[in-house]
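Participant: query.pdb (PDB, C-alpha atoms, pLDDT in the B column) pasted underneath:
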```pdb
ATOM      1  CA  MET A   1      57.771 -54.672 -58.965  1.00 56.00           C
ATOM      2  CA  THR A   2      59.553 -57.582 -57.318  1.00 64.00           C
ATOM      3  CA  ARG A   3      60.434 -60.816 -59.088  1.00 56.00           C
ATOM      4  CA  ILE A   4      57.683 -62.645 -57.195  1.00 57.00           C
ATOM      5  CA  GLN A   5      55.143 -59.997 -58.169  1.00 49.00           C
ATOM      6  CA  LYS A   6      56.227 -60.257 -61.813  1.00 48.00           C
ATOM      7  CA  THR A   7      55.903 -64.054 -61.708  1.00 51.00           C
ATOM      8  CA  VAL A   8      52.427 -63.852 -60.183  1.00 44.00           C
ATOM      9  CA  PHE A   9      51.419 -61.240 -62.761  1.00 49.00           C
ATOM     10  CA  ILE A  10      52.598 -63.462 -65.635  1.00 52.00           C
ATOM     11  CA  LEU A  11      50.801 -66.508 -64.224  1.00 50.00           C
ATOM     12  CA  VAL A  12      47.560 -64.582 -63.813  1.00 45.00           C
ATOM     13  CA  ALA A  13      47.847 -63.278 -67.375  1.00 49.00           C
ATOM     14  CA  LEU A  14      48.432 -66.798 -68.729  1.00 51.00           C
ATOM     15  CA  ILE A  15      45.486 -68.193 -66.778  1.00 53.00           C
ATOM     16  CA  ALA A  16      43.252 -65.398 -68.074  1.00 47.00           C
ATOM     17  CA  LEU A  17      44.389 -66.134 -71.625  1.00 50.00           C
ATOM     18  CA  VAL A  18      43.677 -69.859 -71.299  1.00 43.00           C
ATOM     19  CA  VAL A  19      40.250 -69.225 -69.769  1.00 42.00           C
ATOM     20  CA  GLY A  20      39.440 -66.728 -72.504  1.00 50.00           C
ATOM     21  CA  LEU A  21      40.412 -69.140 -75.263  1.00 47.00           C
ATOM     22  CA  THR A  22      38.409 -71.944 -73.652  1.00 46.00           C
ATOM     23  CA  VAL A  23      35.282 -69.813 -73.322  1.00 41.00           C
ATOM     24  CA  SER A  24      35.698 -68.626 -76.900  1.00 46.00           C
ATOM     25  CA  LYS A  25      36.012 -72.187 -78.139  1.00 47.00           C
ATOM     26  CA  VAL A  26      32.875 -73.267 -76.263  1.00 42.00           C
ATOM     27  CA  LEU A  27      30.878 -70.313 -77.557  1.00 43.00           C
ATOM     28  CA  ASN A  28      32.050 -70.910 -81.122  1.00 46.00           C
ATOM     29  CA  SER A  29      31.157 -74.589 -80.843  1.00 42.00           C
ATOM     30  CA  GLN A  30      27.685 -73.713 -79.638  1.00 42.00           C
ATOM     31  CA  ARG A  31      27.271 -71.209 -82.448  1.00 48.00           C
ATOM     32  CA  GLN A  32      28.437 -73.667 -85.073  1.00 52.00           C
ATOM     33  CA  LEU A  33      25.951 -76.297 -83.925  1.00 73.00           C
ATOM     34  CA  ASP A  34      22.951 -73.996 -83.752  1.00 87.00           C
ATOM     35  CA  PRO A  35      20.098 -76.536 -84.086  1.00 86.00           C
ATOM     36  CA  THR A  36      17.894 -74.016 -85.866  1.00 91.00           C
ATOM     37  CA  GLN A  37      20.440 -73.491 -88.638  1.00 93.00           C
ATOM     38  CA  LEU A  38      21.145 -77.219 -88.865  1.00 94.00           C
ATOM     39  CA  LEU A  39      17.449 -78.042 -89.183  1.00 95.00           C
ATOM     40  CA  ASP A  40      17.030 -75.326 -91.785  1.00 96.00           C
ATOM     41  CA  ALA A  41      19.715 -77.125 -93.816  1.00 96.00           C
ATOM     42  CA  GLY A  42      17.898 -80.440 -93.330  1.00 96.00           C
ATOM     43  CA  ILE A  43      20.403 -81.811 -90.797  1.00 96.00           C
ATOM     44  CA  VAL A  44      18.728 -83.662 -87.914  1.00 96.00           C
ATOM     45  CA  LEU A  45      21.071 -84.742 -85.116  1.00 95.00           C
ATOM     46  CA  LEU A  46      20.087 -87.551 -82.762  1.00 95.00           C
ATOM     47  CA  PRO A  47      19.934 -86.757 -79.026  1.00 94.00           C
ATOM     48  CA  GLN A  48      22.456 -89.586 -78.578  1.00 96.00           C
ATOM     49  CA  SER A  49      24.583 -91.300 -81.188  1.00 95.00           C
ATOM     50  CA  ARG A  50      23.887 -94.973 -81.817  1.00 95.00           C
ATOM     51  CA  PRO A  51      25.920 -97.867 -83.197  1.00 95.00           C
ATOM     52  CA  VAL A  52      25.713 -99.010 -86.796  1.00 95.00           C
ATOM     53  CA  PRO A  53      24.824-102.718 -87.205  1.00 94.00           C
ATOM     54  CA  ALA A  54      27.949-104.869 -87.300  1.00 92.00           C
ATOM     55  CA  LEU A  55      27.572-106.257 -90.812  1.00 94.00           C
ATOM     56  CA  SER A  56      29.927-106.971 -93.695  1.00 96.00           C
ATOM     57  CA  LEU A  57      28.953-105.851 -97.207  1.00 98.00           C
ATOM     58  CA  THR A  58      30.845-105.782-100.497  1.00 98.00           C
ATOM     59  CA  ASP A  59      32.097-102.580-102.103  1.00 98.00           C
ATOM     60  CA  GLN A  60      32.285-101.641-105.786  1.00 97.00           C
ATOM     61  CA  ASP A  61      35.727-103.263-106.040  1.00 97.00           C
ATOM     62  CA  GLY A  62      34.537-106.581-104.631  1.00 97.00           C
ATOM     63  CA  GLU A  63      36.182-105.996-101.235  1.00 97.00           C
ATOM     64  CA  ALA A  64      34.501-106.743 -97.909  1.00 97.00           C
ATOM     65  CA  VAL A  65      33.624-103.688 -95.788  1.00 95.00           C
ATOM     66  CA  GLN A  66      32.683-103.845 -92.107  1.00 94.00           C
ATOM     67  CA  LEU A  67      29.914-101.352 -91.500  1.00 89.00           C
ATOM     68  CA  ASP A  68      30.817-100.835 -87.847  1.00 82.00           C
ATOM     69  CA  ALA A  69      34.372 -99.967 -88.939  1.00 83.00           C
ATOM     70  CA  LEU A  70      33.452 -96.833 -90.924  1.00 90.00           C
ATOM     71  CA  LYS A  71      35.659 -94.592 -88.836  1.00 92.00           C
ATOM     72  CA  GLY A  72      38.105 -91.757 -89.329  1.00 92.00           C
ATOM     73  CA  GLN A  73      35.780 -89.715 -91.573  1.00 93.00           C
ATOM     74  CA  TRP A  74      32.230 -88.445 -91.618  1.00 96.00           C
ATOM     75  CA  THR A  75      30.096 -90.711 -93.805  1.00 97.00           C
ATOM     76  CA  LEU A  76      26.882 -90.095 -95.722  1.00 97.00           C
ATOM     77  CA  LEU A  77      24.956 -93.317 -96.361  1.00 97.00           C
ATOM     78  CA  PHE A  78      22.405 -93.134 -99.154  1.00 98.00           C
ATOM     79  CA  PHE A  79      20.137 -96.147 -99.726  1.00 98.00           C
ATOM     80  CA  GLY A  80      19.276 -96.429-103.409  1.00 98.00           C
ATOM     81  CA  TYR A  81      19.950 -98.442-106.555  1.00 98.00           C
ATOM     82  CA  THR A  82      21.468 -98.020-109.981  1.00 98.00           C
ATOM     83  CA  PHE A  83      18.249 -98.690-111.919  1.00 97.00           C
ATOM     84  CA  CYS A  84      16.361 -96.002-110.001  1.00 97.00           C
ATOM     85  CA  PRO A  85      14.590 -93.692-112.467  1.00 95.00           C
ATOM     86  CA  ASP A  86      14.517 -90.473-110.441  1.00 94.00           C
ATOM     87  CA  ILE A  87      15.509 -90.128-106.756  1.00 95.00           C
ATOM     88  CA  CYS A  88      18.942 -91.721-106.988  1.00 97.00           C
ATOM     89  CA  PRO A  89      20.432 -89.939-110.014  1.00 97.00           C
ATOM     90  CA  THR A  90      19.046 -86.625-108.743  1.00 97.00           C
ATOM     91  CA  THR A  91      20.400 -87.124-105.216  1.00 97.00           C
ATOM     92  CA  LEU A  92      23.840 -88.260-106.385  1.00 97.00           C
ATOM     93  CA  ALA A  93      24.057 -85.325-108.801  1.00 97.00           C
ATOM     94  CA  GLU A  94      23.186 -82.968-105.930  1.00 97.00           C
ATOM     95  CA  LEU A  95      25.809 -84.603-103.717  1.00 97.00           C
ATOM     96  CA  ARG A  96      28.383 -84.129-106.471  1.00 97.00           C
ATOM     97  CA  GLN A  97      27.367 -80.462-106.640  1.00 97.00           C
ATOM     98  CA  LEU A  98      27.651 -80.216-102.855  1.00 97.00           C
ATOM     99  CA  ASN A  99      31.139 -81.703-102.911  1.00 95.00           C
ATOM    100  CA  GLY A 100      32.226 -79.026-105.337  1.00 95.00           C
ATOM    101  CA  MET A 101      30.963 -76.309-103.005  1.00 96.00           C
ATOM    102  CA  LEU A 102      32.738 -77.576 -99.890  1.00 95.00           C
ATOM    103  CA  PRO A 103      36.256 -76.510 -98.870  1.00 94.00           C
ATOM    104  CA  GLU A 104      38.908 -79.062 -99.806  1.00 92.00           C
ATOM    105  CA  THR A 105      39.672 -79.746 -96.143  1.00 91.00           C
ATOM    106  CA  VAL A 106      36.034 -80.662 -95.538  1.00 94.00           C
ATOM    107  CA  ARG A 107      35.784 -82.854 -98.646  1.00 92.00           C
ATOM    108  CA  GLY A 108      38.730 -84.832 -97.319  1.00 91.00           C
ATOM    109  CA  GLN A 109      36.789 -85.594 -94.135  1.00 94.00           C
ATOM    110  CA  LEU A 110      33.560 -86.645 -95.839  1.00 95.00           C
ATOM    111  CA  ARG A 111      32.714 -89.718 -97.895  1.00 95.00           C
ATOM    112  CA  THR A 112      29.500 -90.693 -99.648  1.00 97.00           C
ATOM    113  CA  ILE A 113      28.390 -94.325 -99.901  1.00 98.00           C
ATOM    114  CA  LEU A 114      25.500 -95.679-101.953  1.00 98.00           C
ATOM    115  CA  VAL A 115      24.058 -98.778-100.275  1.00 98.00           C
ATOM    116  CA  SER A 116      22.109-100.773-102.854  1.00 98.00           C
ATOM    117  CA  VAL A 117      18.534-101.745-102.033  1.00 98.00           C
ATOM    118  CA  ASP A 118      18.509-103.832-105.230  1.00 98.00           C
ATOM    119  CA  PRO A 119      21.294-106.386-104.748  1.00 97.00           C
ATOM    120  CA  ASP A 120      19.856-108.733-107.394  1.00 96.00           C
ATOM    121  CA  ARG A 121      20.895-106.298-110.114  1.00 97.00           C
ATOM    122  CA  ASP A 122      23.515-104.176-108.343  1.00 98.00           C
ATOM    123  CA  THR A 123      26.659-106.273-108.524  1.00 98.00           C
ATOM    124  CA  PRO A 124      29.962-104.655-107.528  1.00 98.00           C
ATOM    125  CA  ALA A 125      30.757-104.149-111.216  1.00 98.00           C
ATOM    126  CA  GLN A 126      27.375-102.493-111.844  1.00 98.00           C
ATOM    127  CA  LEU A 127      27.861-100.173-108.868  1.00 98.00           C
ATOM    128  CA  LYS A 128      31.342 -99.229-110.015  1.00 98.00           C
ATOM    129  CA  GLU A 129      30.201 -98.381-113.542  1.00 97.00           C
ATOM    130  CA  TYR A 130      27.192 -96.394-112.316  1.00 98.00           C
ATOM    131  CA  LEU A 131      29.061 -94.380-109.698  1.00 98.00           C
ATOM    132  CA  GLY A 132      31.807 -93.685-112.208  1.00 97.00           C
ATOM    133  CA  TYR A 133      29.355 -91.573-114.208  1.00 96.00           C
ATOM    134  CA  PHE A 134      29.280 -89.042-111.391  1.00 95.00           C
ATOM    135  CA  ASN A 135      33.080 -88.819-111.175  1.00 93.00           C
ATOM    136  CA  ALA A 136      32.898 -87.748-107.546  1.00 94.00           C
ATOM    137  CA  GLY A 137      34.668 -90.555-105.681  1.00 94.00           C
ATOM    138  CA  PHE A 138      31.431 -92.049-104.392  1.00 97.00           C
ATOM    139  CA  GLN A 139      31.615 -95.577-102.998  1.00 97.00           C
ATOM    140  CA  GLY A 140      29.046 -98.348-103.312  1.00 98.00           C
ATOM    141  CA  LEU A 141      28.008-101.309-101.162  1.00 98.00           C
ATOM    142  CA  THR A 142      25.946-104.367-101.967  1.00 98.00           C
ATOM    143  CA  GLY A 143      25.300-107.736-100.364  1.00 97.00           C
ATOM    144  CA  PRO A 144      22.560-110.143 -99.248  1.00 97.00           C
ATOM    145  CA  LEU A 145      19.136-108.508 -99.117  1.00 97.00           C
ATOM    146  CA  ASP A 146      18.578-109.601 -95.511  1.00 96.00           C
ATOM    147  CA  ASP A 147      21.783-107.848 -94.419  1.00 97.00           C
ATOM    148  CA  ILE A 148      20.868-104.675 -96.284  1.00 97.00           C
ATOM    149  CA  GLN A 149      17.426-104.663 -94.663  1.00 96.00           C
ATOM    150  CA  THR A 150      19.032-105.154 -91.246  1.00 96.00           C
ATOM    151  CA  LEU A 151      21.344-102.203 -91.879  1.00 96.00           C
ATOM    152  CA  ALA A 152      18.557 -99.986 -93.206  1.00 97.00           C
ATOM    153  CA  ASN A 153      16.286-100.750 -90.258  1.00 96.00           C
ATOM    154  CA  GLY A 154      19.157-100.258 -87.831  1.00 96.00           C
ATOM    155  CA  VAL A 155      19.813 -96.714 -89.065  1.00 97.00           C
ATOM    156  CA  GLY A 156      16.155 -95.777 -89.525  1.00 96.00           C
ATOM    157  CA  ILE A 157      15.886 -95.942 -93.338  1.00 95.00           C
ATOM    158  CA  PRO A 158      13.470 -98.790 -94.162  1.00 89.00           C
ATOM    159  CA  PHE A 159      12.651 -99.689 -97.758  1.00 95.00           C
ATOM    160  CA  ILE A 160      10.303-102.024 -99.615  1.00 95.00           C
ATOM    161  CA  PRO A 161      12.146-104.624-101.765  1.00 95.00           C
ATOM    162  CA  GLY A 162      11.174-104.760-105.411  1.00 95.00           C
ATOM    163  CA  ASP A 163       9.236-107.590-107.026  1.00 95.00           C
ATOM    164  CA  THR A 164      12.069-109.305-108.862  1.00 94.00           C
ATOM    165  CA  SER A 165       9.603-111.479-110.807  1.00 94.00           C
ATOM    166  CA  LYS A 166       8.631-108.416-112.826  1.00 93.00           C
ATOM    167  CA  GLU A 167      10.698-106.888-115.602  1.00 91.00           C
ATOM    168  CA  ASN A 168      12.041-103.394-114.935  1.00 92.00           C
ATOM    169  CA  TYR A 169      10.793-103.455-111.340  1.00 96.00           C
ATOM    170  CA  THR A 170      11.356-100.506-109.038  1.00 96.00           C
ATOM    171  CA  VAL A 171      12.207-100.303-105.331  1.00 97.00           C
ATOM    172  CA  ASP A 172      10.460 -97.946-102.917  1.00 96.00           C
ATOM    173  CA  HIS A 173      13.027 -96.219-100.722  1.00 96.00           C
ATOM    174  CA  SER A 174      13.696 -93.008 -98.821  1.00 94.00           C
ATOM    175  CA  GLY A 175      15.806 -90.157-100.138  1.00 95.00           C
ATOM    176  CA  ASN A 176      17.128 -89.302 -96.681  1.00 97.00           C
ATOM    177  CA  LEU A 177      20.835 -89.672 -95.912  1.00 98.00           C
ATOM    178  CA  VAL A 178      22.307 -91.273 -92.800  1.00 98.00           C
ATOM    179  CA  LEU A 179      24.997 -89.235 -91.065  1.00 97.00           C
ATOM    180  CA  ILE A 180      27.787 -91.281 -89.452  1.00 97.00           C
ATOM    181  CA  GLY A 181      30.487 -89.609 -87.380  1.00 96.00           C
ATOM    182  CA  PRO A 182      34.228 -90.345 -87.468  1.00 95.00           C
ATOM    183  CA  ASP A 183      33.715 -92.597 -84.439  1.00 95.00           C
ATOM    184  CA  GLY A 184      31.631 -94.938 -86.631  1.00 95.00           C
ATOM    185  CA  ARG A 185      28.350 -94.161 -84.830  1.00 96.00           C
ATOM    186  CA  GLN A 186      25.211 -92.740 -86.365  1.00 97.00           C
ATOM    187  CA  ARG A 187      24.841 -89.053 -85.502  1.00 97.00           C
ATOM    188  CA  GLY A 188      21.666 -88.263 -87.399  1.00 97.00           C
ATOM    189  CA  PHE A 189      20.080 -87.733 -90.812  1.00 97.00           C
ATOM    190  CA  ILE A 190      20.005 -85.317 -93.698  1.00 97.00           C
ATOM    191  CA  ARG A 191      16.465 -84.956 -94.926  1.00 97.00           C
ATOM    192  CA  SER A 192      15.342 -85.130 -98.532  1.00 95.00           C
ATOM    193  CA  PRO A 193      15.052 -83.134-100.728  1.00 95.00           C
ATOM    194  CA  LEU A 194      18.592 -81.874-100.240  1.00 97.00           C
ATOM    195  CA  ARG A 195      19.128 -78.162 -99.651  1.00 97.00           C
ATOM    196  CA  VAL A 196      22.504 -77.998-101.326  1.00 97.00           C
ATOM    197  CA  GLN A 197      23.352 -74.355-100.673  1.00 97.00           C
ATOM    198  CA  LYS A 198      22.451 -74.519 -96.981  1.00 96.00           C
ATOM    199  CA  LEU A 199      24.214 -77.856 -96.569  1.00 97.00           C
ATOM    200  CA  ALA A 200      27.346 -76.310 -98.056  1.00 96.00           C
ATOM    201  CA  GLU A 201      27.178 -73.685 -95.312  1.00 95.00           C
ATOM    202  CA  GLN A 202      26.399 -75.971 -92.366  1.00 95.00           C
ATOM    203  CA  LEU A 203      28.314 -79.188 -93.082  1.00 95.00           C
ATOM    204  CA  PRO A 204      31.743 -77.555 -92.595  1.00 94.00           C
ATOM    205  CA  GLU A 205      30.609 -76.352 -89.167  1.00 91.00           C
ATOM    206  CA  LEU A 206      29.567 -79.864 -88.219  1.00 92.00           C
ATOM    207  CA  VAL A 207      32.534 -81.681 -89.751  1.00 91.00           C
ATOM    208  CA  ASN A 208      35.084 -79.323 -88.210  1.00 86.00           C
ATOM    209  CA  ARG A 209      33.565 -79.543 -84.750  1.00 77.00           C
ATOM    210  CA  ALA A 210      36.045 -80.821 -82.181  1.00 45.00           C
ATOM    211  CA  GLU A 211      35.263 -84.408 -81.183  1.00 54.00           C
TER     212      GLU A 211
END
```
Rewrite the structure of this file - the entire thing - as structure tokens.

Facilitator:
Amino acid sequence: MTRIQKTVFILVALIALVVGLTVSKVLNSQRQLDPTQLLDAGIVLLPQSRPVPALSLTDQDGEAVQLDALKGQWTLLFFGYTFCPDICPTTLAELRQLNGMLPETVRGQLRTILVSVDPDRDTPAQLKEYLGYFNAGFQGLTGPLDDIQTLANGVGIPFIPGDTSKENYTVDHSGNLVLIGPDGRQRGFIRSPLRVQKLAEQLPELVNRAE
């Protein structure tokens, strides 16, 4: 075999290898994002991502957070409140359980944020104390009610504000989670009630997908 023939042979082999790896990557990506498996886990992806309203809220440490700047990680937004008698403590406990089931590399790419639908009672200090009970690194956001309603409507999670004139009032809200990608755009939802075991299987596939 001449030197030219050897060179051509090596180039053909390299091209075949690259093509093979590319096809494998595409097939794996399609397998990982099997919509049937995602839906079975309660994950609903939007046909097209959409922007998050450009608002500023206050976190549990009293710092301003720009909602359209939630980038670099996948984010789960849960709209609830610290005085909630049932949905919120159950959901946050399930999310803590889910965190413990995920690989460490996935946990590092995923954050959970409780957005208060009861800003009259949920001060930053109240959020910090409440979320501390779960000891899971959850973050909290609060702010003017109008801004929270704008955010909730913008990501498809409307709620009915509580009657603050009544003692021990409650707030009607959804248990669904909003799924925000590392580009800061809404990618979809996770439906309530949470299917923790199936989410633990499917979230790593979604989070580790190449952008």

Participant: For Gln73 of chain A, find every residue with an atom within 7 Å (counting only C-alpha atoms), except residues of its own chain fewer than 6 positions away, and show them as a PyMOL selection string.

Facilitator: chain A and resi 109-110+181-182

Participant: Mind checking which residues fall within 9 Å of Ser56 of chain A, counting only C-alpha atoms, ignoring those fewer than 4 positions away in the same chain, and posting them as number ranges by chain?

Facilitator: A: 64-68, 143, 147

Participant: Taking C-alpha atoms for each residue, export the selection above as a PDB file, keeping the file's coordinate frame.

Facilitator:
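Saved file part.pdb follows:
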```
ATOM      1  CA  ALA A  64      34.501-106.743 -97.909  1.00 97.00           C
ATOM      2  CA  VAL A  65      33.624-103.688 -95.788  1.00 95.00           C
ATOM      3  CA  GLN A  66      32.683-103.845 -92.107  1.00 94.00           C
ATOM      4  CA  LEU A  67      29.914-101.352 -91.500  1.00 89.00           C
ATOM      5  CA  ASP A  68      30.817-100.835 -87.847  1.00 82.00           C
ATOM      6  CA  GLY A 143      25.300-107.736-100.364  1.00 97.00           C
ATOM      7  CA  ASP A 147      21.783-107.848 -94.419  1.00 97.00           C
TER       8      ASP A 147
END
```

Participant: Using all atoms listed in the file, which protein or nucleic acid residues come within 9 Å of Ala69 of chain A? Drop anything in the same chain fewer than 4 positions from it, and give the result as an NGL selection string.

Facilitator: :A and (52 or 54 or 65 or 183-184)

Participant: Applying the PyMOL selection byres ((chain A and resi 33-44) around 12) to the file I just gave you, which residues come out? Please list them as a ChimeraX atom specification.

Facilitator: /A:26-32,45-49,76,176-180,186-210

Participant: Taking C-alpha atoms for each residue, export the selection above as a PDB file, in the coordinates of the input.

Facilitator:
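New file result.pdb:
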```
ATOM      1  CA  VAL A  26      32.875 -73.267 -76.263  1.00 42.00           C
ATOM      2  CA  LEU A  27      30.878 -70.313 -77.557  1.00 43.00           C
ATOM      3  CA  ASN A  28      32.050 -70.910 -81.122  1.00 46.00           C
ATOM      4  CA  SER A  29      31.157 -74.589 -80.843  1.00 42.00           C
ATOM      5  CA  GLN A  30      27.685 -73.713 -79.638  1.00 42.00           C
ATOM      6  CA  ARG A  31      27.271 -71.209 -82.448  1.00 48.00           C
ATOM      7  CA  GLN A  32      28.437 -73.667 -85.073  1.00 52.00           C
ATOM      8  CA  LEU A  45      21.071 -84.742 -85.116  1.00 95.00           C
ATOM      9  CA  LEU A  46      20.087 -87.551 -82.762  1.00 95.00           C
ATOM     10  CA  PRO A  47      19.934 -86.757 -79.026  1.00 94.00           C
ATOM     11  CA  GLN A  48      22.456 -89.586 -78.578  1.00 96.00           C
ATOM     12  CA  SER A  49      24.583 -91.300 -81.188  1.00 95.00           C
ATOM     13  CA  LEU A  76      26.882 -90.095 -95.722  1.00 97.00           C
ATOM     14  CA  ASN A 176      17.128 -89.302 -96.681  1.00 97.00           C
ATOM     15  CA  LEU A 177      20.835 -89.672 -95.912  1.00 98.00           C
ATOM     16  CA  VAL A 178      22.307 -91.273 -92.800  1.00 98.00           C
ATOM     17  CA  LEU A 179      24.997 -89.235 -91.065  1.00 97.00           C
ATOM     18  CA  ILE A 180      27.787 -91.281 -89.452  1.00 97.00           C
ATOM     19  CA  GLN A 186      25.211 -92.740 -86.365  1.00 97.00           C
ATOM     20  CA  ARG A 187      24.841 -89.053 -85.502  1.00 97.00           C
ATOM     21  CA  GLY A 188      21.666 -88.263 -87.399  1.00 97.00           C
ATOM     22  CA  PHE A 189      20.080 -87.733 -90.812  1.00 97.00           C
ATOM     23  CA  ILE A 190      20.005 -85.317 -93.698  1.00 97.00           C
ATOM     24  CA  ARG A 191      16.465 -84.956 -94.926  1.00 97.00           C
ATOM     25  CA  SER A 192      15.342 -85.130 -98.532  1.00 95.00           C
ATOM     26  CA  PRO A 193      15.052 -83.134-100.728  1.00 95.00           C
ATOM     27  CA  LEU A 194      18.592 -81.874-100.240  1.00 97.00           C
ATOM     28  CA  ARG A 195      19.128 -78.162 -99.651  1.00 97.00           C
ATOM     29  CA  VAL A 196      22.504 -77.998-101.326  1.00 97.00           C
ATOM     30  CA  GLN A 197      23.352 -74.355-100.673  1.00 97.00           C
ATOM     31  CA  LYS A 198      22.451 -74.519 -96.981  1.00 96.00           C
ATOM     32  CA  LEU A 199      24.214 -77.856 -96.569  1.00 97.00           C
ATOM     33  CA  ALA A 200      27.346 -76.310 -98.056  1.00 96.00           C
ATOM     34  CA  GLU A 201      27.178 -73.685 -95.312  1.00 95.00           C
ATOM     35  CA  GLN A 202      26.399 -75.971 -92.366  1.00 95.00           C
ATOM     36  CA  LEU A 203      28.314 -79.188 -93.082  1.00 95.00           C
ATOM     37  CA  PRO A 204      31.743 -77.555 -92.595  1.00 94.00           C
ATOM     38  CA  GLU A 205      30.609 -76.352 -89.167  1.00 91.00           C
ATOM     39  CA  LEU A 206      29.567 -79.864 -88.219  1.00 92.00           C
ATOM     40  CA  VAL A 207      32.534 -81.681 -89.751  1.00 91.00           C
ATOM     41  CA  ASN A 208      35.084 -79.323 -88.210  1.00 86.00           C
ATOM     42  CA  ARG A 209      33.565 -79.543 -84.750  1.00 77.00           C
ATOM     43  CA  ALA A 210      36.045 -80.821 -82.181  1.00 45.00           C
TER      44      ALA A 210
END
```

Participant: Need the shell around Leu141 of chain A: protein/DNA/RNA residues with any atom at most 6 Å away, counting all atoms listed in the file. Skip same-chain ones fewer than 6 positions apart. Format as a PyMOL selection string?

Facilitator: chain A and resi 58-59+115

Participant: When the PyMOL selection byres ((chain A and resi 82) around 10) is applied to the file above, which residues end up in the set, as a list of chain:residue names?

Facilitator: A:Gly80, A:Tyr81, A:Phe83, A:Cys84, A:Pro85, A:Cys88, A:Pro89, A:Leu114, A:Ser116, A:Val117, A:Asp118, A:Pro119, A:Arg121, A:Asp122, A:Thr123, A:Gln126, A:Leu127, A:Lys128, A:Glu129, A:Tyr130, A:Leu131
